[in-house]
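> Could you have a look at this structure, given as structure tokens, before my questions?
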Amino acid sequence: MAAGTAKDDGRFLGSVGISIRNWEENTDDPYAGVMESWKGTRADPMGGLMEAFTRNPEAVEAFFDPSKNDNLDYFLDKREWPGGEVENKMPEDAIARSARRSFGEALEAAVTGNPPGETLRIPAEHSEAPSA
């Protein structure tokens with residue numbers, strides 16, 4: 001397989017996401033010192049996970065499926081994003097690499113069934129979760 005075309009295993013990605021979320025929710029200050037830093041968004045482990053999810057729309061659909069878990073609610077409303085307070089003050093190239101930008105691209109993959117930036121397939125090919 002050519003470099004950059006392999007999909008990441010969906011079960012593995014989901015397991016990593018749950019592990020990081022559990023750590024965040026059960027640690028008093030999981031990103032101590034990072035929240036005030038301009039480099040805070042780069043230190044967010046969810047950024048890399050969301051980037052991996054963009055390459056596997058089926059896995060990210062399952063991860064954010066509200067009929068199976070509350071991950072979508074957590075990421076949209078409850079998660080305190082490291083560096084979030086300074087993100088909009090960062091240079092555009094840093095914002096483009098932020099964890100929240102990757103989260104948005106992962107949501108795009110979940111909803112469209114396509115990795116971000118790819119030509120959309122009409123009709124979109126995805127599970128029932130995004131259409132619910």
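By convention in this document, the chains of the structure tokens carry letters A, B, ... by their order, each chain's residues are numbered from 1, and ligands are numbered from 1 in the order they are shown.
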Could you name the residues that touch A:Asp9 at 9 Å or less, counting only C-alpha atoms, but leaving out those on the same chain fewer than 4 positions away, as a tab-separated table (two decimals) with N, CA, C and O atoms, in the first residue's frame?


```tsv
chain	number	residue	atom	x	y	z
A	13	LEU	N	-8.53	3.12	17.28
A	13	LEU	CA	-8.74	4.56	17.41
A	13	LEU	C	-9.79	4.86	18.49
A	13	LEU	O	-9.61	5.75	19.31
A	14	GLY	N	-10.88	4.12	18.48
A	14	GLY	CA	-11.92	4.32	19.49
A	14	GLY	C	-11.40	4.06	20.89
A	14	GLY	O	-11.70	4.81	21.84
A	56	ASN	N	-10.45	7.55	8.48
A	56	ASN	CA	-11.31	6.39	8.66
A	56	ASN	C	-12.72	6.86	9.03
A	56	ASN	O	-13.10	6.83	10.21
A	59	ALA	N	-14.85	4.68	11.35
A	59	ALA	CA	-14.44	4.66	12.75
A	59	ALA	C	-14.91	5.92	13.47
A	59	ALA	O	-15.40	5.85	14.61
```

> Determine, counting only C-alpha atoms, which protein, DNA and RNA residues have an atom within 12 Å of an atom of A:Gly117; residues of the same chain fewer than 5 positions away are not included. Present the result as an NGL selection string.

:A and (54-55 or 105-106 or 108-109 or 112)

> Convert the current residue selection to file output with N, CA and C atoms, as an mmCIF file, in the first residue's frame.


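What landed in part_10.cif:
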```
data_model
loop_
_atom_site.group_PDB
_atom_site.id
_atom_site.type_symbol
_atom_site.label_atom_id
_atom_site.label_comp_id
_atom_site.auth_asym_id
_atom_site.auth_seq_id
_atom_site.Cartn_x
_atom_site.Cartn_y
_atom_site.Cartn_z
ATOM 1 N N THR A 54 -9.857 11.197 10.651
ATOM 2 C CA THR A 54 -10.239 11.742 9.341
ATOM 3 C C THR A 54 -9.957 10.763 8.209
ATOM 4 N N ARG A 55 -9.028 9.859 8.433
ATOM 5 C CA ARG A 55 -8.687 8.865 7.414
ATOM 6 C C ARG A 55 -9.554 7.614 7.494
ATOM 7 N N GLU A 105 -12.583 18.505 11.184
ATOM 8 C CA GLU A 105 -12.356 17.665 10.008
ATOM 9 C C GLU A 105 -12.819 16.230 10.265
ATOM 10 N N ALA A 106 -12.650 15.746 11.496
ATOM 11 C CA ALA A 106 -13.144 14.409 11.843
ATOM 12 C C ALA A 106 -14.669 14.370 11.767
ATOM 13 N N GLU A 108 -16.470 16.229 9.826
ATOM 14 C CA GLU A 108 -16.766 16.243 8.390
ATOM 15 C C GLU A 108 -16.686 14.835 7.817
ATOM 16 N N ALA A 109 -15.666 14.100 8.189
ATOM 17 C CA ALA A 109 -15.525 12.721 7.710
ATOM 18 C C ALA A 109 -16.678 11.852 8.185
ATOM 19 N N THR A 112 -19.973 13.076 6.170
ATOM 20 C CA THR A 112 -19.979 12.879 4.716
ATOM 21 C C THR A 112 -19.578 11.480 4.290
#
```

> Have a look at atom CA of A:Phe53 and atom CA of A:Lys89 and let me know their distance in Å, one decimal.

26.4 Å

> To one decimal in Å, tell me the separation between atom CA of A:Gly17 and atom CA of A:Leu49.

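Interatomic distance, atom CA of A:Gly17 to atom CA of A:Leu49: 7.0 Å.
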
> Between A:Pro30, A:Gly48, A:Pro66, A:Pro82, which residue has the minimum interatomic distance to A:Phe103, considering only C-alpha atoms?

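Once distances to A:Phe103 are computed over only C-alpha atoms, the minimum belongs to A:Gly48.
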
> Within stretch 9-101 of chain A, find each residue whose DSSP state, derived from the backbone, is alpha helix (DSSP H), and express the selection as a VMD selection string.

chain A and resid 10 to 25 45 to 54 57 to 63 71 to 73 92 to 96 99 to 101

> Can you work out which one of A:Ala62, A:Thr119, A:Ala32, A:Lys78 has the shortest atom-to-atom distance to A:Asp44, counting only C-alpha atoms?

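With only C-alpha atoms as the atom set, the closest residue is A:Ala32.
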
> Which is closer to A:Glu51 than all the others in A:Asn22, A:Asn114, A:Asn69, A:Ser98, using only C-alpha atoms?

A:Ser98

> Smallest atom-to-atom distance to A:Glu118: which of A:Asp65, A:Ala96, A:Met90, A:Pro57, using only C-alpha atoms?

A:Pro57

> Counting only C-alpha atoms, what is within 12 Å of A:Asp70, bar same-chain residues fewer than 6 positions away, as a ChimeraX atom specification?

/A:18,21,62-64,76-79

> So how many Å separate atom CA of A:Trp81 and atom CA of A:Ser102, to one decimal?

12.0 Å
